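Notes to accompany the following structure.
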Amino acid sequence: MIQLNQDIKYLQGVGPKRAELLNKELGIKTVGDLLTYYPYKYVDKSKIYKISEINGNMPYIQLKGEILSADMVGEGRGRRFVARFSDGTGVVELVWFQGVKYIKSNYSTHVPYLVFGKPNVFGGRVNIAHPEIEPLSNNSDNPNGKSVGDVPFAPAYNTTEKMKKSGLNSHALHKLTQTMLELFDQPFPETLPSYLLERYHFISYDSAIRNIHYPTDARILREAQARLKFEELFYVQLNLLRYMRERIRKYKGVVCAKVGANFNDFYFNHLKFELTGAQKRVVREIHADMKSGRQMNRLLQGDVGAGKTLVALMASLIAIDNGCQACIMAPTEILAEQHLQTLRHQLGDLPIRVELLTGSVKGKKRSKILTDLQSGEINILIGTHAIIEDNVLFQKLGLAIIDEQHRFGVAQRAKLWGKNETPPHILVMTATPIPRTLAMTLYGDLDVSVIDELPPGRKPISTIHMFDATRHQLYNKVRKEIEQGRQAYIVYPLIKESEKIDLKNLEDGYEQICKEFPECNVGKVHGKMKPAEKEVEMQKFANSETQILVATTVIEVGVNVPNASVMVIENAERFGLSQLHQLRGRVGRGADQSYCILVTKYEIASETRKRIQIMVDSTDGFEIAEQDLKLRGPGDLEGTQQSGMAFDLKIANIAKDGQILQLARDAASYVLDNDPQQNLPQNDILWARLRELRKNIIDWGVIS
Ligand code: ADP
Ligand code: MG
């Protein structure tokens, strides 16, 4: 009997060398790690093809036959081992460039083999490079007496190039898991209470884990997948919901019951427009939280331009009217400064002092702000990460607002909690709408408010896809808008990995624009410029001193220049959908028709074409986010990597398993409803398992 925590090195067929590879390449250290290293797909090996049936575009297939002859051929890097393989209906060449030594000393002619691989047809000849090959009846190198051919659904495991070079390919991993499963001659202990298994008709853990690696038929494979996905999501949800309920029970909130003089003065005398119905509802939801005596932890979702800033200001006024301070954290200095100006402008002559704290605020100015903050003379502090530094002390912080939240890590959010004796109310505002399933996992412990209505009078932005080659049309469009007194953004990608090339593209583009529009002033901003320089350029654009702004995505979030009516995005194929939506949201902020022009080469992948089409067809941020998640999967979504939470998911997929996720959340609620004290014996198994899981996931603790 082996143990789950046993070093993988001691598993039969591993040894120190392979153990090191498994560890370094896949993070597999113990037998248990291997057990939960699940296949990423399954290949149907139930059918055996005839060589005469092979044609040019077949997927992976299986053949049965014999090796007629084999030899080394070619020179230098092209040197390879080639075996002529036949089943009586034809001949294929099996080719190895790597691992030659092993195959050369282990093959025999004229014994039956099963061969599995992807055939290539080349001038009438068929070859299969690096096939899997197994003797049909000879089990000498397989202690378990089972060969590849026994499995109708052969699992495929992800491995790396390095591993493949050392013979640790998918097939080898399959053999290891097989060995491991055979060694566990007792059933694996159950990890969910039986009443949950019954309630949702799930198979046992033992059956699931064995069948995920070694499915005997398609149905049991589906059941194994469902059970393991559920379990994974269930523990994420249980952790989140338990934490949420505990927090509600444990943490008192700063009581902000009063709707006072400042709020009313602002609402009745300073507000330049009527709030939308959605804004009113959201302000009421926030106020209800703030007066409840419990700490608010609320996520505010709203599409670009929905008017989240105003909601943030009104929530701040509620805090201030109740003797508290508020702070707003933004991800960039540009945004923080813009918030400062917006708020000061909107507050007019109200006796509210708003100050800015960023990395660029230094010396005397900084120490004055810190002093006035601590004495309570500053009512609202706006800033970047600088706000969470330890020496930034408030007199009484009642509300902390995090704008464009995905750029803040979990740990940073947690730091805000410590800024007041009673933890401040937290309002997280997302720049980009998040699909429901993702929100449930990432922010599953937050209450959610949604602004699902745009301020009246906005004309939907018209989105156009144009090709590089028809650039003159593009310039005509831009010129027409500028002649009417409007302004244009031209955005270039700037990705760290190709920074130099990207910067050159931007510089070239800038020069071209200057030549093309000699009558215009053209500005330029990118992330490599000093904050002060960027600020100057942004300011010029905001004041209409420049008519065209050539920029990178530094302008992506939040920047507000209502007179701009054209957004040109160069190399649009290189941006994510959510990013494109954010960028597009920089125009259409005035009453006139605005345009977003997505420029790509003529030849683009069909997937890219799909993404561009989604942008052309829809201006609904929530819909776009859903589509983005579907197309790219959660791993690639901006900001999810740093979330450090649910994305170590090994089998569930947030984009595809929405239904199971909902089930998991319901189940977690059900458990907590029935066992609020967490002391029912049938749930012991749950809490033990949760403790075990939490050991490995550092960030699972405090997430808001
Ligand atoms: P976002 O939700 O993207 O942060 P903002 O708060 O920047 O949006 O608001 C976008 C623009 O809409 C701003 O110019 C703001 O003044 C304006 N705005 C906000 N609420 C309303 C409203 N109820 N009626 C009209 N304009 C509004
Ligand atoms: Mg905003």
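Following the order of the structure tokens, chains are lettered A, B, ..., residues in each are numbered from 1, and ligands are numbered from 1.
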
Nearby polymer residues, ligand 2, at most 10 Å, only C-alpha atoms and all ligand atoms, as a count of residues only | 24

Excluding A:Cys327 and residues on its chain fewer than 5 positions from it, collect all residues at most 6 Å away from it, counting only C-alpha atoms, and give them as a PyMOL selection string.
-> chain A and resi 380-382+400

Please, which residues of stretch 86-138 of chain A, numbered as in this document, come out strand (DSSP E) from DSSP, as an NGL selection string?
-> :A and (86 or 91-96 or 113-117 or 119-122 or 125-129 or 132-135)

Suppose we keep N, CA, C and O atoms; can you now write the selection as an mmCIF file, in the first residue's frame?
data_model
loop_
_atom_site.group_PDB
_atom_site.id
_atom_site.type_symbol
_atom_site.label_atom_id
_atom_site.label_comp_id
_atom_site.auth_asym_id
_atom_site.auth_seq_id
_atom_site.Cartn_x
_atom_site.Cartn_y
_atom_site.Cartn_z
ATOM 1 N N SER A 86 3.552 -2.735 -41.349
ATOM 2 C CA SER A 86 2.504 -3.180 -42.279
ATOM 3 C C SER A 86 1.425 -3.986 -41.579
ATOM 4 O O SER A 86 1.690 -4.718 -40.617
ATOM 5 N N VAL A 91 1.748 -0.186 -46.285
ATOM 6 C CA VAL A 91 2.916 0.038 -45.433
ATOM 7 C C VAL A 91 2.944 1.501 -44.989
ATOM 8 O O VAL A 91 2.682 2.397 -45.781
ATOM 9 N N VAL A 92 3.239 1.729 -43.715
ATOM 10 C CA VAL A 92 3.528 3.098 -43.261
ATOM 11 C C VAL A 92 4.915 3.123 -42.651
ATOM 12 O O VAL A 92 5.430 2.093 -42.209
ATOM 13 N N GLU A 93 5.509 4.325 -42.656
ATOM 14 C CA GLU A 93 6.806 4.470 -41.999
ATOM 15 C C GLU A 93 6.594 5.094 -40.631
ATOM 16 O O GLU A 93 5.943 6.137 -40.497
ATOM 17 N N LEU A 94 7.138 4.454 -39.609
ATOM 18 C CA LEU A 94 7.120 5.039 -38.271
ATOM 19 C C LEU A 94 8.465 5.723 -38.081
ATOM 20 O O LEU A 94 9.505 5.128 -38.325
ATOM 21 N N VAL A 95 8.438 6.998 -37.662
ATOM 22 C CA VAL A 95 9.672 7.777 -37.654
ATOM 23 C C VAL A 95 9.957 8.345 -36.268
ATOM 24 O O VAL A 95 9.068 8.893 -35.617
ATOM 25 N N TRP A 96 11.201 8.187 -35.811
ATOM 26 C CA TRP A 96 11.620 8.786 -34.543
ATOM 27 C C TRP A 96 12.834 9.687 -34.749
ATOM 28 O O TRP A 96 13.830 9.265 -35.345
ATOM 29 N N TYR A 113 2.032 -5.461 -33.102
ATOM 30 C CA TYR A 113 2.076 -4.214 -32.333
ATOM 31 C C TYR A 113 0.791 -3.415 -32.553
ATOM 32 O O TYR A 113 0.173 -3.511 -33.622
ATOM 33 N N LEU A 114 0.462 -2.614 -31.548
ATOM 34 C CA LEU A 114 -0.556 -1.581 -31.739
ATOM 35 C C LEU A 114 0.174 -0.255 -31.858
ATOM 36 O O LEU A 114 1.038 0.058 -31.042
ATOM 37 N N VAL A 115 -0.181 0.510 -32.886
ATOM 38 C CA VAL A 115 0.492 1.781 -33.117
ATOM 39 C C VAL A 115 -0.550 2.884 -33.091
ATOM 40 O O VAL A 115 -1.648 2.720 -33.627
ATOM 41 N N PHE A 116 -0.202 3.971 -32.444
ATOM 42 C CA PHE A 116 -1.163 5.057 -32.309
ATOM 43 C C PHE A 116 -0.486 6.383 -32.624
ATOM 44 O O PHE A 116 0.576 6.699 -32.086
ATOM 45 N N GLY A 117 -1.058 7.155 -33.538
ATOM 46 C CA GLY A 117 -0.449 8.436 -33.880
ATOM 47 C C GLY A 117 -1.200 9.126 -34.991
ATOM 48 O O GLY A 117 -2.238 8.638 -35.467
ATOM 49 N N PRO A 119 -1.287 10.241 -38.786
ATOM 50 C CA PRO A 119 -0.608 9.946 -40.049
ATOM 51 C C PRO A 119 -0.397 11.193 -40.911
ATOM 52 O O PRO A 119 -1.255 12.069 -40.963
ATOM 53 N N ASN A 120 0.765 11.275 -41.535
ATOM 54 C CA ASN A 120 1.016 12.305 -42.546
ATOM 55 C C ASN A 120 1.149 11.613 -43.880
ATOM 56 O O ASN A 120 1.828 10.598 -43.980
ATOM 57 N N VAL A 121 0.501 12.191 -44.883
ATOM 58 C CA VAL A 121 0.621 11.610 -46.217
ATOM 59 C C VAL A 121 1.490 12.532 -47.047
ATOM 60 O O VAL A 121 1.235 13.728 -47.135
ATOM 61 N N PHE A 122 2.531 11.946 -47.628
ATOM 62 C CA PHE A 122 3.579 12.727 -48.264
ATOM 63 C C PHE A 122 3.903 12.103 -49.605
ATOM 64 O O PHE A 122 4.513 11.038 -49.637
ATOM 65 N N ARG A 125 3.279 8.517 -49.842
ATOM 66 C CA ARG A 125 3.775 7.685 -48.739
ATOM 67 C C ARG A 125 3.188 8.177 -47.422
ATOM 68 O O ARG A 125 2.954 9.357 -47.232
ATOM 69 N N VAL A 126 2.959 7.214 -46.538
ATOM 70 C CA VAL A 126 2.375 7.582 -45.248
ATOM 71 C C VAL A 126 3.419 7.417 -44.154
ATOM 72 O O VAL A 126 4.117 6.404 -44.112
ATOM 73 N N ASN A 127 3.568 8.417 -43.318
ATOM 74 C CA ASN A 127 4.408 8.208 -42.140
ATOM 75 C C ASN A 127 3.726 8.712 -40.885
ATOM 76 O O ASN A 127 2.800 9.521 -40.938
ATOM 77 N N ILE A 128 4.164 8.196 -39.757
ATOM 78 C CA ILE A 128 3.675 8.664 -38.457
ATOM 79 C C ILE A 128 4.905 8.994 -37.620
ATOM 80 O O ILE A 128 5.757 8.129 -37.391
ATOM 81 N N ALA A 129 5.012 10.246 -37.225
ATOM 82 C CA ALA A 129 6.174 10.641 -36.427
ATOM 83 C C ALA A 129 5.893 10.408 -34.947
ATOM 84 O O ALA A 129 4.804 10.705 -34.461
ATOM 85 N N GLU A 132 2.904 6.234 -30.592
ATOM 86 C CA GLU A 132 2.918 5.365 -29.415
ATOM 87 C C GLU A 132 2.907 3.949 -29.963
ATOM 88 O O GLU A 132 2.171 3.646 -30.899
ATOM 89 N N ILE A 133 3.723 3.109 -29.399
ATOM 90 C CA ILE A 133 3.759 1.743 -29.921
ATOM 91 C C ILE A 133 3.837 0.758 -28.764
ATOM 92 O O ILE A 133 4.590 0.949 -27.819
ATOM 93 N N GLU A 134 3.005 -0.272 -28.826
ATOM 94 C CA GLU A 134 2.874 -1.245 -27.748
ATOM 95 C C GLU A 134 2.824 -2.638 -28.343
ATOM 96 O O GLU A 134 2.040 -2.872 -29.267
ATOM 97 N N PRO A 135 3.587 -3.563 -27.816
ATOM 98 C CA PRO A 135 3.421 -4.941 -28.281
ATOM 99 C C PRO A 135 2.024 -5.420 -27.891
ATOM 100 O O PRO A 135 1.544 -5.109 -26.798
#

Could you name the residues that touch A:Arg199 at 12 Å or less, counting only C-alpha atoms, but leaving out those on the same chain fewer than 2 positions away, as a PyMOL selection string?
-> chain A and resi 192-197+201-203+663-664+666-667+670-671

Dump C-alpha atoms for the selected residues as a compact mmCIF listing (two decimals), in the first residue's frame?
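Done, and the output landed in part.txt:
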# COMPACT_ATOMS: atom_id res chain seq x y z
CA LEU A 192 -17.86 14.45 0.22
CA PRO A 193 -20.54 13.49 2.76
CA SER A 194 -22.86 10.78 1.55
CA TYR A 195 -25.96 12.98 1.80
CA LEU A 196 -24.48 15.29 -0.85
CA LEU A 197 -23.60 12.37 -3.11
CA HIS A 201 -26.49 11.55 -7.66
CA PHE A 202 -22.72 11.59 -7.81
CA ILE A 203 -20.47 8.55 -7.97
CA LEU A 663 -24.95 23.57 -8.34
CA ALA A 664 -21.79 23.81 -6.27
CA ASP A 666 -26.29 25.96 -4.04
CA ALA A 667 -24.81 22.93 -2.32
CA TYR A 670 -27.33 24.28 1.70
CA VAL A 671 -24.56 22.90 3.87

Non-local contacts of A:Leu580 (9 Å; only C-alpha atoms; under 5 positions in same chain excluded) as a PyMOL selection string | chain A and resi 556+569+572+575+585+598+615

Enter the distance from atom CA of A:Pro424 to atom CA of A:Val361, in Å, rounded to one decimal.
->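 For atom CA of A:Pro424 relative to atom CA of A:Val361, the distance reads 24.5 Å.
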
Which residues, written as a PyMOL selection string, have at least one atom at most 6 Å from stretch 443-459 of chain A, with only C-alpha atoms counted and residues fewer than 2 positions away on the same chain left out?
-> chain A and resi 240-241+244+276+278+297-302+306+439-441+591+593

Write out the residues from the selection above, keeping C-alpha atoms, as a PDB file, in the first residue's frame.
ATOM      1  CA  LEU A 240     -16.056  31.710   0.059  1.00  0.00           C
ATOM      2  CA  LEU A 241     -19.509  31.460   1.579  1.00  0.00           C
ATOM      3  CA  MET A 244     -18.601  35.582   3.987  1.00  0.00           C
ATOM      4  CA  THR A 276     -30.385  57.152 -13.765  1.00  0.00           C
ATOM      5  CA  ALA A 278     -29.947  52.206 -11.785  1.00  0.00           C
ATOM      6  CA  ASN A 297     -18.188  44.294   0.987  1.00  0.00           C
ATOM      7  CA  ARG A 298     -19.824  45.148  -2.263  1.00  0.00           C
ATOM      8  CA  LEU A 299     -18.886  44.763  -5.884  1.00  0.00           C
ATOM      9  CA  LEU A 300     -20.210  47.496  -8.151  1.00  0.00           C
ATOM     10  CA  GLN A 301     -20.480  46.367 -11.729  1.00  0.00           C
ATOM     11  CA  GLY A 302     -21.419  48.667 -14.541  1.00  0.00           C
ATOM     12  CA  ALA A 306     -22.490  53.896 -16.771  1.00  0.00           C
ATOM     13  CA  ALA A 439     -17.723  36.921 -10.568  1.00  0.00           C
ATOM     14  CA  MET A 440     -19.136  34.073  -8.521  1.00  0.00           C
ATOM     15  CA  THR A 441     -15.714  32.507  -8.211  1.00  0.00           C
ATOM     16  CA  ALA A 591     -24.178  63.533 -27.270  1.00  0.00           C
ATOM     17  CA  GLN A 593     -22.374  59.972 -32.869  1.00  0.00           C
TER      18      GLN A 593
END

For each of A:Leu583, A:Val550, A:Ala326, A:Val536, take the minimum atom-to-atom distance to ligand 1, counting only C-alpha atoms and all ligand atoms, then give the residue where this is smallest.
-> A:Leu583

Excluding stretch 503-507 of chain A and residues on its chain fewer than 4 positions from it, collect all residues at most 10 Å away from it, counting only C-alpha atoms, and give them as a list in words.
->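 Listed by chain and then number, they are Ile490, Val491, Tyr492, Pro493, Leu494, Ile495, Ser498, Glu499, Glu511, Gln512, Ile513, Lys524, Val525, His526, Gly527, Lys528, Val550, Ala551, Thr552 and Glu570 of chain A.
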
Excluding A:Tyr489 and any residue of its chain fewer than 5 positions from it, enumerate the residues within 7 Å of it, using only C-alpha atoms, and give them as a short mmCIF file (atom, residue, chain, number, x, y, z; two decimals) with N, CA and C atoms, in the first residue's frame.
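Below is the file result.cif, written as the result:
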data_model
loop_
_atom_site.label_atom_id
_atom_site.label_comp_id
_atom_site.auth_asym_id
_atom_site.auth_seq_id
_atom_site.Cartn_x
_atom_site.Cartn_y
_atom_site.Cartn_z
N ILE A 548 -5.43 65.07 -32.18
CA ILE A 548 -5.24 63.62 -32.29
C ILE A 548 -4.28 63.18 -31.19
N LEU A 549 -4.62 62.08 -30.55
CA LEU A 549 -3.73 61.53 -29.53
C LEU A 549 -3.33 60.12 -29.94
N VAL A 550 -2.02 59.97 -30.19
CA VAL A 550 -1.49 58.65 -30.49
C VAL A 550 -1.05 58.04 -29.16
N VAL A 566 -13.68 59.71 -32.19
CA VAL A 566 -13.17 58.58 -32.95
C VAL A 566 -12.10 57.85 -32.14
N MET A 567 -12.24 56.54 -32.09
CA MET A 567 -11.23 55.69 -31.47
C MET A 567 -10.73 54.75 -32.55
N VAL A 568 -9.48 54.92 -32.96
CA VAL A 568 -8.90 54.01 -33.94
C VAL A 568 -8.00 53.04 -33.18
#

Residue among A:Val236, A:Arg79, A:Thr36, A:Cys324 lying closest to A:Arg691, counting only C-alpha atoms |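 Checking each candidate against A:Arg691, we get A:Val236 as the closest.
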
From A:Asn211, A:Gln395, A:Ser462, A:Thr437, residue lying nearest A:Gly658 [only C-alpha atoms] =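 Going through A:Asn211, A:Gln395, A:Ser462, A:Thr437 one by one, the smallest distance to A:Gly658 is for A:Thr437.
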
Rounded to one decimal in Å, what is the spacing between atom CA of A:Lys175 and atom CA of A:Ile51?
->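 Taking atom CA of A:Lys175 as the start and atom CA of A:Ile51 as the end point, the length is 26.8 Å.
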
Which parts of stretch 292-478 of chain A does DSSP call alpha helix (DSSP H) when run on the backbone here, written out as a count of residues only?
-> 64

Between A:Met163, A:Ala261, A:Leu313, A:Ala70, which one has atoms that come closest to ligand 1, using only C-alpha atoms and all ligand atoms?
-> A:Leu313

Can you work out which one of A:Gln582, A:Gln12, A:Gln62, A:Ser105 has the shortest atom-to-atom distance to A:Tyr49, counting only C-alpha atoms?
-> A:Gln62

Using only C-alpha atoms and all ligand atoms, which of A:Ala19, A:Leu343, A:Ile286, A:Ile352 sits nearest ligand 1?
-> A:Leu343

Just give me the gap between atom CA of A:Tyr38 and atom CA of A:Gly99 in Å, one decimal is fine.
->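 One can read the atom CA of A:Tyr38 to atom CA of A:Gly99 distance as 25.0 Å.
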